[in-house]
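Student: Mind looking over this structure? Questions follow.
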Amino acid sequence: MSNSSSPALVYRFGNGVYINLTNRCPNLCAFCIKTKWHMDFHGNNLNLEGWEPSAGEVIAALEKELKKAPFTQVVFCGYGEPTMRLEVLLFVAQTLKGWRAQAKYPPFTIRLNTNGLGNRINHKDIVPLLARVIDEVNVSLNAPDETSWQRLVRPIHEFQDGYEDVREFIRACVQAGFQKVVASCVDKTGVDPEAVRHIAEEDGAVFYLRSFLDAQE
């Protein structure tokens with residue numbers, strides 16, 4: 001847990017330890033909880049206020065957190081798009097993979113939650129790099145077509161035509177052989193979840209319907 005004056009670089013949720021690398025994102029999703037929840041997540045302050053941690057700072061925070069309680073997964077997911085900090089993401093994930101190989105902690109999976117725009121963000125194919133250090137990828141698909149996607153995820157101008165890039169990213173991850181590739185959709189946003197399921201499965205991913213979050217419980 002963090003307090004209001006100290007942003008959390010890592011935080012707990014369920015059986016996972018989550019890594020908060022950045023608050024930057026090319027999308028401003030209509031359903032995103034970071035504005036509704038004022039950058040808080042169940043008592044964790046995820047507001048980096050423009051600062052971004054180094055790989056060393058993240059690793060130090062992980063070493064402190066991982067020994068506190070059992071966990072089964074480590075997830076790159078904060079209130080921002082992790083692939084905007086690709087080099088840090090890869091370094092930290094490689095470190096985690098090394099710890100796992102050394103059996104420093106009980107077995108765990110390494111997961112990336114992403115908007116699927118990582119190739120566009122980094123101007124190159126990042127999937128092979130991710131495949132070396134990440135086990136599972138969860139991509140926020142959210143829509144069955146570009147028009148709905150634009151309405152829901154509200155990308156900045158540079159990424160307005162990014163829907164097909166998201167689908168291509170999903171397909172590339174499936175081809176790369178990750179342990180699991182999930183394409184998700186948030187419910188109660190006005191799109192037909194079954195239509196999104198069809199797209200996700202057509203691209204080879206496992207479909208997951210996420211609950212629409214409003215007020216914190």
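Letters A, B, ... go to the chains of the structure tokens in the order shown; residues in each chain start at 1; ligands are counted from 1 in the same order.
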Please provide as an mmCIF file with C-alpha atoms, in the first residue's frame all residues within 6 Å of stretch 168-184 of chain A, with the sequence filter that same-chain residues fewer than 5 positions apart are discarded (counting only C-alpha atoms).
Tutor:
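Saved the output as around-v3.cif:
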data_model
loop_
_atom_site.group_PDB
_atom_site.id
_atom_site.type_symbol
_atom_site.label_atom_id
_atom_site.label_comp_id
_atom_site.auth_asym_id
_atom_site.auth_seq_id
_atom_site.Cartn_x
_atom_site.Cartn_y
_atom_site.Cartn_z
ATOM 1 C CA GLY A 116 -2.078 -3.065 -28.320
ATOM 2 C CA ASP A 135 4.464 -15.143 -20.612
ATOM 3 C CA GLU A 136 0.978 -13.726 -21.139
ATOM 4 C CA VAL A 137 -0.384 -10.698 -22.978
ATOM 5 C CA ASN A 138 -3.774 -9.108 -22.318
ATOM 6 C CA VAL A 139 -4.766 -6.662 -25.064
ATOM 7 C CA SER A 140 -7.630 -4.181 -24.638
ATOM 8 C CA LEU A 141 -9.535 -4.648 -27.903
ATOM 9 C CA ALA A 200 -10.875 -11.702 -30.773
ATOM 10 C CA ASP A 203 -7.503 -13.261 -34.505
ATOM 11 C CA ALA A 205 -6.958 -14.777 -28.907
ATOM 12 C CA VAL A 206 -8.927 -15.828 -25.834
ATOM 13 C CA PHE A 207 -11.813 -13.423 -25.261
ATOM 14 C CA TYR A 208 -12.357 -11.823 -21.854
ATOM 15 C CA LEU A 209 -15.266 -9.560 -20.883
#
Student: Sort by chain and increasing residue number a table of all residues of stretch 97-168 of chain A within 6 Å of stretch 68-85 of chain A, each with its closest pair of atoms and their distance in Å to one decimal, counting only C-alpha atoms, and write it as CSV.
Tutor:
residue,atom,partner,partner_atom,distance
A:Phe108,CA,A:Thr72,CA,4.5
A:Thr109,CA,A:Gln73,CA,4.6
A:Ile110,CA,A:Val74,CA,5.0
A:Arg111,CA,A:Val75,CA,4.7
A:Leu112,CA,A:Phe76,CA,4.9
A:Asn113,CA,A:Cys77,CA,5.5
A:Gly118,CA,A:Thr83,CA,5.4
Student: Include N, CA and C atoms and write out the residues we just selected as a PDB file, in the first residue's frame.
Tutor:
ATOM      1  N   PHE A 108       5.696 -18.144 -10.758  1.00  0.00           N
ATOM      2  CA  PHE A 108       4.773 -17.062 -11.099  1.00  0.00           C
ATOM      3  C   PHE A 108       4.839 -16.798 -12.596  1.00  0.00           C
ATOM      4  N   THR A 109       3.778 -16.197 -13.113  1.00  0.00           N
ATOM      5  CA  THR A 109       3.765 -15.807 -14.518  1.00  0.00           C
ATOM      6  C   THR A 109       4.023 -14.301 -14.626  1.00  0.00           C
ATOM      7  N   ILE A 110       4.527 -13.904 -15.783  1.00  0.00           N
ATOM      8  CA  ILE A 110       4.806 -12.499 -16.076  1.00  0.00           C
ATOM      9  C   ILE A 110       3.838 -12.073 -17.176  1.00  0.00           C
ATOM     10  N   ARG A 111       3.028 -11.069 -16.884  1.00  0.00           N
ATOM     11  CA  ARG A 111       1.966 -10.665 -17.817  1.00  0.00           C
ATOM     12  C   ARG A 111       2.083  -9.189 -18.175  1.00  0.00           C
ATOM     13  N   LEU A 112       1.699  -8.887 -19.387  1.00  0.00           N
ATOM     14  CA  LEU A 112       1.611  -7.508 -19.849  1.00  0.00           C
ATOM     15  C   LEU A 112       0.170  -7.180 -20.189  1.00  0.00           C
ATOM     16  N   ASN A 113      -0.359  -6.124 -19.581  1.00  0.00           N
ATOM     17  CA  ASN A 113      -1.651  -5.565 -19.973  1.00  0.00           C
ATOM     18  C   ASN A 113      -1.369  -4.350 -20.859  1.00  0.00           C
ATOM     19  N   GLY A 118       1.634  -0.865 -29.057  1.00  0.00           N
ATOM     20  CA  GLY A 118       3.072  -0.830 -28.784  1.00  0.00           C
ATOM     21  C   GLY A 118       3.953  -0.722 -30.010  1.00  0.00           C
TER      22      GLY A 118
END
Student: Using DSSP on the backbone coordinates, identify the residues of stretch 4-151 of chain A assigned to strand (DSSP E or B); present them as number ranges by chain.
Tutor: A: 10-13, 16-19, 27, 40-41, 44-45, 73-76, 78, 80, 109-114, 136-140
Student: Check the smallest atom-to-atom distance from each of A:Gly162, A:Phe212, A:Asp145, A:Tyr18 to A:Ile121 using only C-alpha atoms, then report the winner.
Tutor: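 Closest residue, counting only C-alpha atoms: A:Gly162.
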Student: As a PDB file with N, CA and C atoms, in the first residue's frame, please: the residues near A:Gln150 (cut-off 10 Å, only C-alpha atoms, same-chain neighbours under 3 positions excluded).
Tutor:
ATOM      1  N   ASN A  27      -4.213   6.896 -25.507  1.00  0.00           N
ATOM      2  CA  ASN A  27      -5.676   6.849 -25.469  1.00  0.00           C
ATOM      3  C   ASN A  27      -6.212   7.533 -24.220  1.00  0.00           C
ATOM      4  N   CYS A  29      -9.495   6.551 -22.757  1.00  0.00           N
ATOM      5  CA  CYS A  29     -10.678   5.701 -22.875  1.00  0.00           C
ATOM      6  C   CYS A  29     -11.860   6.250 -22.071  1.00  0.00           C
ATOM      7  N   ALA A 143     -13.633  -3.175 -29.067  1.00  0.00           N
ATOM      8  CA  ALA A 143     -14.590  -2.812 -30.111  1.00  0.00           C
ATOM      9  C   ALA A 143     -14.468  -3.753 -31.301  1.00  0.00           C
ATOM     10  N   ASP A 145     -15.001  -2.775 -34.460  1.00  0.00           N
ATOM     11  CA  ASP A 145     -14.702  -2.017 -35.669  1.00  0.00           C
ATOM     12  C   ASP A 145     -14.009  -0.713 -35.294  1.00  0.00           C
ATOM     13  N   GLU A 146     -13.409  -0.068 -36.292  1.00  0.00           N
ATOM     14  CA  GLU A 146     -12.619   1.129 -36.029  1.00  0.00           C
ATOM     15  C   GLU A 146     -13.455   2.296 -35.502  1.00  0.00           C
ATOM     16  N   THR A 147     -14.660   2.480 -36.039  1.00  0.00           N
ATOM     17  CA  THR A 147     -15.499   3.602 -35.602  1.00  0.00           C
ATOM     18  C   THR A 147     -15.835   3.496 -34.123  1.00  0.00           C
ATOM     19  N   VAL A 153     -12.078   4.488 -27.147  1.00  0.00           N
ATOM     20  CA  VAL A 153     -10.731   4.661 -26.590  1.00  0.00           C
ATOM     21  C   VAL A 153     -10.186   6.072 -26.795  1.00  0.00           C
ATOM     22  N   ARG A 154     -10.801   6.830 -27.679  1.00  0.00           N
ATOM     23  CA  ARG A 154     -10.484   8.244 -27.876  1.00  0.00           C
ATOM     24  C   ARG A 154      -8.975   8.487 -28.012  1.00  0.00           C
ATOM     25  N   PRO A 155      -8.369   7.894 -29.057  1.00  0.00           N
ATOM     26  CA  PRO A 155      -6.929   8.048 -29.249  1.00  0.00           C
ATOM     27  C   PRO A 155      -6.554   9.458 -29.687  1.00  0.00           C
ATOM     28  N   ILE A 156      -5.315   9.849 -29.381  1.00  0.00           N
ATOM     29  CA  ILE A 156      -4.835  11.122 -29.892  1.00  0.00           C
ATOM     30  C   ILE A 156      -4.728  11.023 -31.413  1.00  0.00           C
ATOM     31  N   PHE A 159      -2.863   8.405 -33.524  1.00  0.00           N
ATOM     32  CA  PHE A 159      -3.271   7.002 -33.430  1.00  0.00           C
ATOM     33  C   PHE A 159      -4.725   6.779 -33.839  1.00  0.00           C
ATOM     34  N   GLN A 160      -5.329   7.730 -34.495  1.00  0.00           N
ATOM     35  CA  GLN A 160      -6.740   7.626 -34.873  1.00  0.00           C
ATOM     36  C   GLN A 160      -7.043   6.376 -35.694  1.00  0.00           C
ATOM     37  N   ASP A 161      -6.098   5.966 -36.506  1.00  0.00           N
ATOM     38  CA  ASP A 161      -6.319   4.791 -37.350  1.00  0.00           C
ATOM     39  C   ASP A 161      -5.670   3.536 -36.759  1.00  0.00           C
ATOM     40  N   GLY A 162      -5.583   3.488 -35.439  1.00  0.00           N
ATOM     41  CA  GLY A 162      -4.838   2.431 -34.781  1.00  0.00           C
ATOM     42  C   GLY A 162      -5.554   1.115 -34.563  1.00  0.00           C
ATOM     43  N   TYR A 163      -6.845   1.053 -34.890  1.00  0.00           N
ATOM     44  CA  TYR A 163      -7.594  -0.179 -34.600  1.00  0.00           C
ATOM     45  C   TYR A 163      -6.980  -1.400 -35.276  1.00  0.00           C
TER      46      TYR A 163
END
